[in-house]
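**Q** query_26.txt is reproduced in full below (compact mmCIF, C-alpha atoms).
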# COMPACT_ATOMS: atom_id res chain seq x y z
CA MET A 1 -3.32 1.67 9.73
CA THR A 2 -4.60 0.70 13.16
CA ILE A 3 -4.20 -2.89 14.34
CA TYR A 4 -6.50 -4.11 17.11
CA GLY A 5 -5.67 -7.04 19.40
CA THR A 6 -5.15 -8.19 22.94
CA LYS A 7 -2.01 -7.30 24.87
CA MET A 8 -0.91 -10.93 24.72
CA VAL A 9 -1.17 -11.00 20.95
CA ARG A 10 0.83 -7.79 20.75
CA SER A 11 3.50 -9.25 22.99
CA CYS A 12 3.64 -12.39 20.84
CA LEU A 13 3.98 -10.35 17.64
CA GLN A 14 6.98 -8.64 19.22
CA SER A 15 8.74 -11.84 20.27
CA ALA A 16 7.74 -15.46 19.50
CA PHE A 17 6.31 -14.46 16.11
CA PRO A 18 8.13 -11.15 15.52
CA VAL A 19 5.91 -9.64 12.86
CA PHE A 20 6.35 -6.10 14.19
CA PRO A 21 10.17 -6.12 14.27
CA MET A 22 10.12 -7.60 10.76
CA LEU A 23 7.63 -5.07 9.38
CA LYS A 24 9.25 -1.97 10.79
CA ASN A 25 11.46 -1.44 7.73
CA TYR A 26 8.45 -1.68 5.42
CA CYS A 27 5.63 0.37 6.93
CA SER A 28 4.18 1.96 10.03
CA TRP A 29 1.05 1.26 12.03
CA GLU A 30 -0.81 2.12 15.22
CA TRP A 31 -1.67 -0.42 17.88
CA GLN A 32 -4.93 -0.39 19.80
CA SER A 33 -5.39 -2.90 22.63
CA LEU A 34 -8.64 -4.80 23.01
CA ASP A 35 -9.62 -5.61 26.60
CA PRO A 36 -12.65 -7.75 27.43
CA GLY A 37 -15.10 -5.61 29.37
CA ILE A 38 -13.90 -2.34 27.86
CA ARG A 39 -15.96 -0.93 25.01
CA GLN A 40 -14.29 1.44 22.62
CA LYS A 41 -15.08 3.46 19.54
CA VAL A 42 -13.34 2.23 16.40
CA GLU A 43 -12.10 4.44 13.61
CA PRO A 44 -14.16 4.43 10.41
CA LEU A 45 -12.73 1.79 8.06
CA HIS A 46 -12.61 4.27 5.20
CA GLU A 47 -12.85 8.02 4.79
CA GLY A 48 -16.37 9.36 4.62
CA ALA A 49 -17.86 6.30 6.35
CA GLU A 50 -20.90 7.27 8.37
CA GLY A 51 -21.99 6.29 11.84
CA THR A 52 -20.12 5.27 14.94
CA ILE A 53 -19.11 1.71 15.65
CA ILE A 54 -18.46 0.63 19.22
CA VAL A 55 -16.48 -2.57 19.67
CA GLU A 56 -17.02 -4.79 22.70
CA PRO A 57 -14.34 -7.51 23.09
CA VAL A 58 -15.39 -10.78 24.75
CA LEU A 59 -12.98 -13.37 26.16
CA VAL A 60 -12.87 -16.57 24.10
CA SER A 61 -9.66 -18.38 24.99
CA LYS A 62 -6.52 -18.21 27.09
CA LYS A 63 -4.94 -21.12 25.24
CA PRO A 64 -1.74 -20.14 23.40
CA PRO A 65 -1.17 -21.29 19.83
CA LEU A 66 1.23 -24.24 19.50
CA TYR A 67 4.02 -22.06 18.12
CA ALA A 68 4.01 -19.89 21.25
CA LYS A 69 3.57 -22.70 23.75
CA SER A 70 7.18 -23.14 24.76
CA THR A 71 8.02 -19.47 24.67
CA GLN A 72 9.22 -17.96 27.90
CA GLU A 73 9.87 -14.54 26.40
CA LEU A 74 6.30 -13.31 26.37
CA ASP A 75 6.40 -10.31 28.61
CA CYS A 76 2.74 -9.90 29.36
CA GLN A 77 0.72 -9.89 32.58
CA GLU A 78 -2.46 -10.83 30.79
CA ASP A 79 -3.01 -14.11 28.97
CA ILE A 80 -5.89 -13.51 26.59
CA TRP A 81 -5.15 -15.09 23.23
CA GLU A 82 -8.56 -15.03 21.60
CA VAL A 83 -11.48 -12.65 21.79
CA GLY A 84 -14.76 -12.33 19.98
CA LEU A 85 -16.10 -8.89 19.06
CA VAL A 86 -19.56 -7.41 19.33
CA LEU A 87 -19.84 -4.47 16.94
CA HIS A 88 -22.52 -1.99 17.96
CA ASN A 89 -24.06 0.60 15.67
CA GLU A 90 -24.94 3.38 18.11
CA ASP A 91 -27.38 5.02 15.72
CA SER A 92 -29.50 1.97 14.97
CA GLY A 93 -29.04 0.28 18.33
CA ARG A 94 -28.30 -2.96 16.49
CA CYS A 95 -25.22 -5.17 16.76
CA LEU A 96 -23.22 -7.94 15.11
CA ALA A 97 -21.39 -10.68 17.03
CA TYR A 98 -18.13 -11.81 15.41
CA PHE A 99 -16.61 -14.99 16.88
CA PRO A 100 -14.20 -16.63 14.43
CA THR A 101 -13.09 -19.14 17.07
CA LEU A 102 -15.30 -20.78 19.67
CA GLU A 103 -13.96 -23.58 21.83
CA ASN A 104 -16.85 -23.49 24.26
CA ILE A 105 -19.79 -21.25 25.05
CA THR A 106 -19.29 -19.31 28.26
CA PRO A 107 -22.24 -17.42 29.80
CA ALA A 108 -20.69 -14.14 28.56
CA ILE A 109 -20.44 -15.45 25.00
CA GLU A 110 -23.96 -16.84 25.15
CA ALA A 111 -25.30 -13.45 26.25
CA CYS A 112 -23.65 -11.81 23.23
CA LEU A 113 -24.97 -14.37 20.78
CA LYS A 114 -28.47 -13.93 22.21
CA LYS A 115 -28.59 -10.18 21.81
CA ALA A 116 -26.95 -9.88 18.39
CA ASP A 117 -28.91 -9.12 15.22
CA ILE A 118 -26.29 -10.79 13.05
CA LEU A 119 -24.07 -13.71 14.07
CA MET A 120 -20.76 -14.55 12.43
CA VAL A 121 -19.33 -17.61 14.13
CA ASP A 122 -16.65 -20.27 13.94
CA GLY A 123 -17.33 -22.63 11.04
CA THR A 124 -13.83 -24.13 10.89
CA PHE A 125 -14.79 -27.82 10.88
CA TRP A 126 -17.95 -29.72 10.03
CA SER A 127 -17.13 -32.68 12.27
CA GLU A 128 -15.05 -33.43 15.32
CA ASP A 129 -12.78 -35.87 13.45
CA GLU A 130 -12.59 -34.01 10.14
CA LEU A 131 -8.79 -33.68 10.04
CA THR A 132 -7.88 -36.78 12.05
CA GLY A 133 -10.13 -38.87 9.79
CA MET A 134 -8.20 -37.83 6.69
CA GLY A 135 -4.85 -38.25 8.43
CA ALA A 136 -4.13 -34.53 8.21
CA ALA A 137 -3.79 -33.85 11.95
CA ALA A 138 -3.39 -35.64 15.26
CA ARG A 139 -5.83 -33.43 17.15
CA ASP A 140 -9.58 -33.27 16.74
CA ALA A 141 -11.67 -30.11 16.26
CA ARG A 142 -12.34 -29.30 19.92
CA SER A 143 -8.76 -29.87 21.01
CA MET A 144 -7.72 -27.41 18.29
CA GLY A 145 -10.07 -24.88 19.89
CA HIS A 146 -13.03 -25.16 17.50
CA LEU A 147 -16.53 -26.44 18.16
CA PRO A 148 -17.48 -28.51 15.11
CA ILE A 149 -20.61 -27.44 13.23
CA SER A 150 -22.38 -30.81 13.44
CA GLY A 151 -23.07 -33.15 16.33
CA PRO A 152 -24.14 -32.67 19.95
CA SER A 153 -23.36 -29.17 21.26
CA GLY A 154 -22.04 -28.25 17.81
CA THR A 155 -22.45 -24.83 16.24
CA LEU A 156 -25.57 -25.86 14.33
CA GLU A 157 -27.43 -26.80 17.49
CA LEU A 158 -26.17 -23.62 19.09
CA LEU A 159 -27.21 -21.30 16.27
CA ALA A 160 -30.72 -22.73 16.21
CA SER A 161 -31.31 -21.41 19.73
CA PHE A 162 -30.60 -17.74 18.96
CA PRO A 163 -33.02 -15.22 17.44
CA ALA A 164 -30.55 -13.36 15.15
CA GLU A 165 -31.90 -12.43 11.72
CA ARG A 166 -28.75 -13.66 9.95
CA LYS A 167 -26.45 -16.50 11.01
CA ILE A 168 -23.22 -16.76 9.07
CA LEU A 169 -20.37 -19.26 9.31
CA ILE A 170 -16.84 -17.86 8.97
CA HIS A 171 -13.22 -19.05 9.38
CA ILE A 172 -13.96 -22.16 7.32
CA ASN A 173 -11.14 -24.66 6.87
CA ASN A 174 -10.43 -25.95 3.36
CA SER A 175 -11.28 -29.48 4.54
CA ASN A 176 -14.86 -28.46 5.41
CA PRO A 177 -17.50 -30.00 3.08
CA ILE A 178 -19.77 -26.92 3.40
CA LEU A 179 -17.43 -25.18 0.95
CA LYS A 180 -18.80 -27.46 -1.78
CA LYS A 181 -22.02 -25.93 -3.04
CA ASP A 182 -23.55 -29.29 -3.92
CA SER A 183 -22.70 -31.08 -0.67
CA VAL A 184 -25.25 -32.58 1.71
CA GLU A 185 -23.71 -30.52 4.49
CA ARG A 186 -24.20 -27.28 2.58
CA TYR A 187 -27.78 -28.24 1.81
CA THR A 188 -28.36 -28.91 5.52
CA LEU A 189 -27.20 -25.38 6.34
CA GLU A 190 -29.33 -23.82 3.62
CA ARG A 191 -32.47 -25.53 4.86
CA LEU A 192 -31.80 -24.06 8.30
CA GLY A 193 -31.18 -20.57 6.89
CA ILE A 194 -27.51 -20.58 7.88
CA GLU A 195 -25.17 -18.79 5.49
CA VAL A 196 -21.60 -19.53 4.49
CA ALA A 197 -19.46 -16.38 4.30
CA TYR A 198 -17.79 -15.39 1.02
CA ASP A 199 -15.51 -12.59 -0.19
CA GLY A 200 -17.51 -9.42 -0.73
CA MET A 201 -20.45 -10.48 1.46
CA GLU A 202 -22.34 -7.49 2.84
CA MET A 203 -24.35 -7.06 6.00
CA GLU A 204 -25.94 -4.14 7.80
CA VAL A 205 -26.62 -3.42 11.43
CA MET B 1 11.15 -33.33 4.55
CA THR B 2 14.51 -31.87 3.62
CA ILE B 3 14.88 -28.10 3.39
CA TYR B 4 17.77 -26.72 1.33
CA GLY B 5 19.24 -23.25 1.82
CA THR B 6 22.34 -21.24 2.58
CA LYS B 7 23.76 -21.07 6.09
CA MET B 8 22.71 -17.43 6.32
CA VAL B 9 19.11 -18.28 5.48
CA ARG B 10 19.13 -21.01 8.10
CA SER B 11 20.48 -18.61 10.68
CA CYS B 12 17.80 -16.07 9.78
CA LEU B 13 15.04 -18.68 10.08
CA GLN B 14 16.29 -19.40 13.59
CA SER B 15 16.34 -15.77 14.72
CA ALA B 16 15.11 -12.68 12.83
CA PHE B 17 12.32 -14.67 11.15
CA PRO B 18 12.01 -17.63 13.57
CA VAL B 19 10.18 -20.09 11.35
CA PHE B 20 12.04 -23.09 12.78
CA PRO B 21 11.35 -22.33 16.46
CA MET B 22 7.71 -21.72 15.53
CA LEU B 23 7.34 -24.92 13.50
CA LYS B 24 8.96 -27.26 15.97
CA ASN B 25 5.67 -28.04 17.75
CA TYR B 26 4.01 -28.90 14.44
CA CYS B 27 6.41 -31.05 12.43
CA SER B 28 10.00 -32.14 11.88
CA TRP B 29 12.41 -31.60 9.01
CA GLU B 30 16.02 -32.05 7.91
CA TRP B 31 18.26 -29.17 6.91
CA GLN B 32 20.76 -29.37 4.07
CA SER B 33 23.08 -26.41 3.48
CA LEU B 34 23.72 -25.11 -0.01
CA ASP B 35 27.21 -23.70 -0.61
CA PRO B 36 28.18 -22.03 -3.88
CA GLY B 37 30.93 -24.08 -5.49
CA ILE B 38 29.86 -27.33 -3.84
CA ARG B 39 27.79 -29.70 -5.93
CA GLN B 40 25.64 -32.21 -4.12
CA LYS B 41 23.21 -34.98 -4.90
CA VAL B 42 19.62 -34.21 -3.95
CA GLU B 43 17.13 -36.74 -2.67
CA PRO B 44 14.44 -37.84 -5.13
CA LEU B 45 11.39 -35.59 -4.67
CA HIS B 46 9.10 -38.60 -4.42
CA GLU B 47 9.49 -42.31 -3.89
CA GLY B 48 10.23 -44.29 -7.01
CA ALA B 49 11.59 -41.24 -8.86
CA GLU B 50 14.30 -42.27 -11.30
CA GLY B 51 17.67 -40.74 -12.05
CA THR B 52 20.09 -38.71 -10.02
CA ILE B 53 19.90 -34.96 -9.74
CA ILE B 54 23.00 -32.99 -8.83
CA VAL B 55 22.45 -29.45 -7.58
CA GLU B 56 25.04 -26.74 -8.14
CA PRO B 57 24.38 -23.56 -6.11
CA VAL B 58 25.53 -20.25 -7.60
CA LEU B 59 25.94 -17.01 -5.66
CA VAL B 60 23.33 -14.41 -6.56
CA SER B 61 23.23 -11.88 -3.73
CA LYS B 62 24.68 -10.98 -0.36
CA LYS B 63 22.05 -8.33 0.23
CA PRO B 64 19.85 -9.09 3.26
CA PRO B 65 16.08 -8.69 3.01
CA LEU B 66 14.73 -5.50 4.61
CA TYR B 67 13.28 -7.38 7.57
CA ALA B 68 16.70 -8.74 8.53
CA LYS B 69 18.65 -5.57 7.86
CA SER B 70 18.83 -4.25 11.39
CA THR B 71 19.28 -7.63 13.00
CA GLN B 72 22.44 -8.11 14.99
CA GLU B 73 21.51 -11.60 16.15
CA LEU B 74 22.42 -13.43 12.99
CA ASP B 75 25.16 -15.77 14.09
CA CYS B 76 26.65 -16.66 10.76
CA GLN B 77 30.14 -16.32 9.30
CA GLU B 78 28.87 -16.43 5.75
CA ASP B 79 26.60 -13.81 4.20
CA ILE B 80 24.98 -15.46 1.22
CA TRP B 81 21.30 -14.58 1.08
CA GLU B 82 20.39 -15.63 -2.42
CA VAL B 83 21.59 -18.41 -4.69
CA GLY B 84 20.52 -19.75 -8.04
CA LEU B 85 20.56 -23.49 -8.70
CA VAL B 86 21.76 -25.48 -11.66
CA LEU B 87 20.08 -28.90 -11.62
CA HIS B 88 22.05 -31.53 -13.51
CA ASN B 89 20.64 -34.81 -14.75
CA GLU B 90 23.68 -37.07 -14.63
CA ASP B 91 22.16 -39.64 -16.96
CA SER B 92 21.25 -37.29 -19.79
CA GLY B 93 24.07 -34.82 -19.24
CA ARG B 94 21.53 -32.01 -19.51
CA CYS B 95 20.79 -29.27 -16.99
CA LEU B 96 18.27 -26.62 -15.91
CA ALA B 97 19.25 -23.22 -14.49
CA TYR B 98 16.85 -21.91 -11.82
CA PHE B 99 17.39 -18.25 -10.86
CA PRO B 100 14.25 -16.79 -9.25
CA THR B 101 16.10 -13.59 -8.36
CA LEU B 102 18.70 -11.83 -10.48
CA GLU B 103 19.99 -8.43 -9.50
CA ASN B 104 22.89 -8.49 -11.92
CA ILE B 105 24.62 -11.00 -14.14
CA THR B 106 28.01 -12.02 -12.77
CA PRO B 107 30.41 -14.03 -14.96
CA ALA B 108 29.56 -17.16 -12.91
CA ILE B 109 25.82 -16.68 -13.49
CA GLU B 110 26.36 -15.97 -17.17
CA ALA B 111 28.34 -19.20 -17.54
CA CYS B 112 25.42 -21.15 -16.02
CA LEU B 113 22.82 -19.51 -18.22
CA LYS B 114 24.94 -20.25 -21.30
CA LYS B 115 25.31 -23.95 -20.63
CA ALA B 116 21.76 -24.72 -19.46
CA ASP B 117 19.22 -26.53 -21.65
CA ILE B 118 16.32 -24.94 -19.81
CA LEU B 119 16.31 -21.51 -18.17
CA MET B 120 13.95 -20.46 -15.39
CA VAL B 121 14.73 -16.88 -14.46
CA ASP B 122 13.54 -13.88 -12.49
CA GLY B 123 10.41 -12.42 -14.09
CA THR B 124 9.32 -10.36 -11.07
CA PHE B 125 8.78 -7.02 -12.81
CA TRP B 126 8.18 -5.99 -16.40
CA SER B 127 9.62 -2.50 -15.96
CA GLU B 128 12.03 -0.70 -13.69
CA ASP B 129 9.32 1.64 -12.32
CA GLU B 130 6.46 -0.87 -12.19
CA LEU B 131 5.71 -0.48 -8.48
CA THR B 132 6.89 3.09 -8.00
CA GLY B 133 4.73 4.17 -10.96
CA MET B 134 1.58 2.83 -9.30
CA GLY B 135 2.56 4.25 -5.92
CA ALA B 136 2.92 0.77 -4.42
CA ALA B 137 6.59 1.05 -3.42
CA ALA B 138 9.36 3.58 -2.96
CA ARG B 139 12.07 1.44 -4.54
CA ASP B 140 12.40 0.50 -8.19
CA ALA B 141 12.94 -3.02 -9.55
CA ARG B 142 16.74 -3.10 -9.50
CA SER B 143 17.01 -1.63 -6.03
CA MET B 144 14.67 -4.41 -4.86
CA GLY B 145 17.14 -6.90 -6.33
CA HIS B 146 15.34 -7.72 -9.59
CA LEU B 147 16.39 -7.00 -13.16
CA PRO B 148 13.23 -5.90 -14.97
CA ILE B 149 12.20 -7.94 -18.01
CA SER B 150 12.08 -5.00 -20.43
CA GLY B 151 14.54 -2.24 -21.21
CA PRO B 152 18.32 -2.07 -21.62
CA SER B 153 20.11 -4.97 -19.89
CA GLY B 154 16.72 -6.39 -18.91
CA THR B 155 15.94 -10.10 -18.77
CA LEU B 156 14.49 -10.12 -22.28
CA GLU B 157 17.70 -8.85 -23.83
CA LEU B 158 19.63 -11.29 -21.67
CA LEU B 159 17.55 -14.35 -22.57
CA ALA B 160 17.88 -13.66 -26.29
CA SER B 161 21.63 -14.20 -26.05
CA PHE B 162 21.48 -17.76 -24.65
CA PRO B 163 20.95 -20.97 -26.65
CA ALA B 164 18.64 -22.80 -24.17
CA GLU B 165 15.76 -24.73 -25.75
CA ARG B 166 13.22 -23.36 -23.25
CA LYS B 167 13.27 -19.98 -21.52
CA ILE B 168 10.74 -19.57 -18.74
CA LEU B 169 9.96 -16.59 -16.50
CA ILE B 170 9.24 -17.36 -12.84
CA HIS B 171 8.73 -15.45 -9.56
CA ILE B 172 6.28 -13.08 -11.26
CA ASN B 173 4.85 -10.27 -9.16
CA ASN B 174 1.08 -9.70 -9.28
CA SER B 175 1.69 -6.22 -10.71
CA ASN B 176 3.39 -7.67 -13.80
CA PRO B 177 1.34 -7.23 -17.02
CA ILE B 178 2.66 -10.52 -18.48
CA LEU B 179 0.21 -12.31 -16.18
CA LYS B 180 -2.60 -11.00 -18.41
CA LYS B 181 -2.91 -13.36 -21.35
CA ASP B 182 -4.13 -10.63 -23.69
CA SER B 183 -1.51 -8.02 -22.80
CA VAL B 184 0.97 -6.52 -25.27
CA GLU B 185 3.76 -7.57 -22.93
CA ARG B 186 2.64 -11.20 -22.95
CA TYR B 187 2.38 -11.11 -26.72
CA THR B 188 5.92 -9.74 -26.90
CA LEU B 189 7.19 -12.71 -24.89
CA GLU B 190 5.27 -15.22 -26.98
CA ARG B 191 6.71 -13.89 -30.21
CA LEU B 192 10.19 -14.39 -28.75
CA GLY B 193 9.39 -17.92 -27.56
CA ILE B 194 9.66 -17.00 -23.89
CA GLU B 195 7.27 -18.82 -21.58
CA VAL B 196 5.49 -17.68 -18.44
CA ALA B 197 5.52 -20.32 -15.70
CA TYR B 198 2.23 -21.73 -14.35
CA ASP B 199 1.19 -24.25 -11.70
CA GLY B 200 1.66 -27.77 -13.00
CA MET B 201 4.11 -26.81 -15.75
CA GLU B 202 6.37 -29.71 -16.71
CA MET B 203 9.87 -29.76 -18.12
CA GLU B 204 12.47 -32.43 -18.74
CA VAL B 205 16.25 -32.42 -18.71
What does this structure look like when you write it as structure tokens?

**A**
Amino acid sequence: MTIYGTKMVRSCLQSAFPVFPMLKNYCSWEWQSLDPGIRQKVEPLHEGAEGTIIVEPVLVSKKPPLYAKSTQELDCQEDIWEVGLVLHNEDSGRCLAYFPTLENITPAIEACLKKADILMVDGTFWSEDELTGMGAAARDARSMGHLPISGPSGTLELLASFPAERKILIHINNSNPILKKDSVERYTLERLGIEVAYDGMEMEV
Amino acid sequence: MTIYGTKMVRSCLQSAFPVFPMLKNYCSWEWQSLDPGIRQKVEPLHEGAEGTIIVEPVLVSKKPPLYAKSTQELDCQEDIWEVGLVLHNEDSGRCLAYFPTLENITPAIEACLKKADILMVDGTFWSEDELTGMGAAARDARSMGHLPISGPSGTLELLASFPAERKILIHINNSNPILKKDSVERYTLERLGIEVAYDGMEMEV
């Protein structure tokens, strides 16, 4: 198994959240670093898979997760905690942009979202005060690192401005009303041709 | 929130598997140590709950989990990794024995299982070679610390010898055929009056 991530994430998984030391008695794996600006070929996900996929990592956030905030042990020169990925099919010339977290839209991110044939983007929260309103958290959507779907400069407004043939929301929190098939919010998405991801969903670039 | 566990588990959650350092920026909690041989009153699980529950911890295993095996950092004089609990209702004089893992039946465990009105015991695997047979693990049930349900000296044989009014299997692995309601194994349990735990199950002592 190959695990892809930034150097900072690797460092964190060795120390503050020691998944790798804990796993070493159970299994083995390969690590492959993702660096914004460096495109690389990824291994086929299963044997016999056709075509070549090139992954292009894009910087999303340098903000550490709360659990790693007070950690001094992270031995890493680079501080990239979150990236989005653009997956290019070299044969077709088409690509998919995968951004499970979006805290704001940098020019580099915007360029990716503009050129992609399929968009999969952060659909964590419907509204800015979704969790605070139900007393489930002290921080609102943006301060947790997620643009809400609705409202000014939300994901909905954003998605409308890009030409992609499919626009899919991912990384959806269980508090988000779009998970209910008969909700007004879900209906709003459907009218705009925006999809909600589900297990087993297929797409092709 | 109060978290109950052995001193060794607490030490592990501070170091090899640092759940407490990771959680400290999210929430707070109280720790209450469980020591075999020492009975203690537990707080009501919710406000307005009636009656007094006394918990009696019973030694089950001193075997560390694989992820903590090579850890030298565990600063703990005591090496108790697993306990079972006997929950006593002081008003009714009745009790429930809760043993989610059982690697063998010591005289102390046997005494608890004999006296309990309700048994909830390790139902992880149906057979000794359940995971090895499907190529999902290199170790068999007993070497993972779980008596299988079937076979000689399995949980089924064990449960038959105790007078408890309810006998319930818990901690069931997703490979276990008893999870299928129409399986022969499930039918075998039902004929013997042995229950399979489910979310929302209720019991009274």

**Q** Contacts from chain A to chain B, 12 Å maximum, all atoms listed in the file: show me the residue list as a list in words.

**A**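 Applying the cut-off to the listed atoms yields Cys12, Leu13, Gln14, Ser15, Ala16, Phe17, Pro18, Val19, Phe20, Pro21, Met22, Leu23, Lys24, Asn25, Tyr26, Cys27, Pro65, Leu66, Tyr67, Ala68, Lys69, Ser70, Thr71, Ala136, Ala137, Ala138 and Arg139 of chain A.
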
**Q** Closest to Cys95 of chain A among A:Asp199, A:Glu165, A:Asp122, A:Asp79, using all atoms listed in the file?

**A**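 Among A:Asp199, A:Glu165, A:Asp122, A:Asp79, it is A:Glu165 that comes nearest to Cys95 of chain A.
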
**Q** Would you compute the distance between atom CA of Asn89 of chain A and atom CA of Val205 of chain A? Give it in Å to one decimal.

**A**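 A separation of 6.4 Å between them.
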
**Q** Neighbouring residues of Pro100 of chain A were defined as those with any atom within 10 Å, considering all atoms listed in the file; residues of the same chain fewer than 2 positions away were excluded. Please report them as a list in words.

**A**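 So the residues in contact are Val60, Glu82, Val83, Gly84, Leu85, Ala97, Tyr98, Leu102, Met120, Val121, Asp122, Gly123, Thr124, His146, Leu169, Ile170, His171 and Ile172 of chain A.
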
**Q** Go through A:Glu130, A:Ser11, A:Ser150, A:Ile3 and flag the residue nearest Trp31 of chain A, using all atoms listed in the file for the distances.

**A**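 Smallest separation from Trp31 of chain A among the options: A:Ile3.
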
**Q** Hey, what's within 12 Å of Phe162 of chain B if we count all atoms listed in the file and toss same-chain stuff fewer than 6 positions away? As number ranges by chain, please?

**A** B: 97, 110-119, 155-156, 194

**Q** May I ask for the distance between atom CA of Gly5 of chain A and atom CA of Gln32 of chain A, given in Å to one decimal place?

**A**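 Here the two named atoms are 6.7 Å from each other.
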
**Q** In Å to one decimal, how far is atom CA of Lys63 of chain A from atom CA of Ile109 of chain A?

**A** 16.5 Å

**Q** Any idea what's packed within 12 Å of Gly154 of chain A, counting only C-alpha atoms, ignoring anything in its chain fewer than 5 positions away? Could you give it as a ChimeraX atom specification?

**A** /A:102-105,121-128,141-142,146-149,159-161

**Q** With only C-alpha atoms as the atoms that count, which of A:Val184, A:Leu189, A:Ile54, A:Leu131 lies nearest to Lys167 of chain A?

**A** A:Leu189

**Q** Please produce segment 58-69 of chain A, completed to N, CA, C and O atoms, as a PDB file, in the coordinates of the input.

**A**
ATOM      1  N   VAL A  58     -14.887  -9.749  23.827  1.00  0.00           N
ATOM      2  CA  VAL A  58     -15.390 -10.780  24.750  1.00  0.00           C
ATOM      3  C   VAL A  58     -14.359 -11.913  24.807  1.00  0.00           C
ATOM      4  O   VAL A  58     -13.922 -12.412  23.763  1.00  0.00           O
ATOM      5  N   LEU A  59     -13.983 -12.303  25.998  1.00  0.00           N
ATOM      6  CA  LEU A  59     -12.980 -13.370  26.160  1.00  0.00           C
ATOM      7  C   LEU A  59     -13.444 -14.675  25.517  1.00  0.00           C
ATOM      8  O   LEU A  59     -14.545 -15.154  25.781  1.00  0.00           O
ATOM      9  N   VAL A  60     -12.579 -15.255  24.682  1.00  0.00           N
ATOM     10  CA  VAL A  60     -12.870 -16.570  24.100  1.00  0.00           C
ATOM     11  C   VAL A  60     -11.895 -17.631  24.604  1.00  0.00           C
ATOM     12  O   VAL A  60     -12.298 -18.714  25.005  1.00  0.00           O
ATOM     13  N   SER A  61     -10.599 -17.327  24.595  1.00  0.00           N
ATOM     14  CA  SER A  61      -9.660 -18.380  24.990  1.00  0.00           C
ATOM     15  C   SER A  61      -8.348 -17.823  25.547  1.00  0.00           C
ATOM     16  O   SER A  61      -7.843 -16.799  25.092  1.00  0.00           O
ATOM     17  N   LYS A  62      -7.831 -18.547  26.534  1.00  0.00           N
ATOM     18  CA  LYS A  62      -6.520 -18.210  27.090  1.00  0.00           C
ATOM     19  C   LYS A  62      -5.478 -19.240  26.657  1.00  0.00           C
ATOM     20  O   LYS A  62      -4.378 -19.281  27.188  1.00  0.00           O
ATOM     21  N   LYS A  63      -5.847 -20.063  25.689  1.00  0.00           N
ATOM     22  CA  LYS A  63      -4.940 -21.120  25.240  1.00  0.00           C
ATOM     23  C   LYS A  63      -3.993 -20.571  24.180  1.00  0.00           C
ATOM     24  O   LYS A  63      -4.439 -20.087  23.148  1.00  0.00           O
ATOM     25  N   PRO A  64      -2.673 -20.664  24.411  1.00  0.00           N
ATOM     26  CA  PRO A  64      -1.740 -20.140  23.400  1.00  0.00           C
ATOM     27  C   PRO A  64      -1.712 -21.031  22.163  1.00  0.00           C
ATOM     28  O   PRO A  64      -1.993 -22.225  22.250  1.00  0.00           O
ATOM     29  N   PRO A  65      -1.370 -20.453  21.017  1.00  0.00           N
ATOM     30  CA  PRO A  65      -1.170 -21.290  19.830  1.00  0.00           C
ATOM     31  C   PRO A  65       0.064 -22.177  20.033  1.00  0.00           C
ATOM     32  O   PRO A  65       0.948 -21.842  20.818  1.00  0.00           O
ATOM     33  N   LEU A  66       0.115 -23.296  19.340  1.00  0.00           N
ATOM     34  CA  LEU A  66       1.230 -24.240  19.500  1.00  0.00           C
ATOM     35  C   LEU A  66       2.590 -23.564  19.335  1.00  0.00           C
ATOM     36  O   LEU A  66       3.532 -23.872  20.040  1.00  0.00           O
ATOM     37  N   TYR A  67       2.697 -22.643  18.395  1.00  0.00           N
ATOM     38  CA  TYR A  67       4.020 -22.060  18.120  1.00  0.00           C
ATOM     39  C   TYR A  67       4.501 -21.182  19.265  1.00  0.00           C
ATOM     40  O   TYR A  67       5.688 -20.859  19.347  1.00  0.00           O
ATOM     41  N   ALA A  68       3.597 -20.764  20.148  1.00  0.00           N
ATOM     42  CA  ALA A  68       4.010 -19.890  21.250  1.00  0.00           C
ATOM     43  C   ALA A  68       4.022 -20.636  22.573  1.00  0.00           C
ATOM     44  O   ALA A  68       4.308 -20.061  23.613  1.00  0.00           O
ATOM     45  N   LYS A  69       3.756 -21.929  22.525  1.00  0.00           N
ATOM     46  CA  LYS A  69       3.570 -22.700  23.750  1.00  0.00           C
ATOM     47  C   LYS A  69       4.820 -22.766  24.612  1.00  0.00           C
ATOM     48  O   LYS A  69       4.757 -22.685  25.826  1.00  0.00           O
TER      49      LYS A  69
END
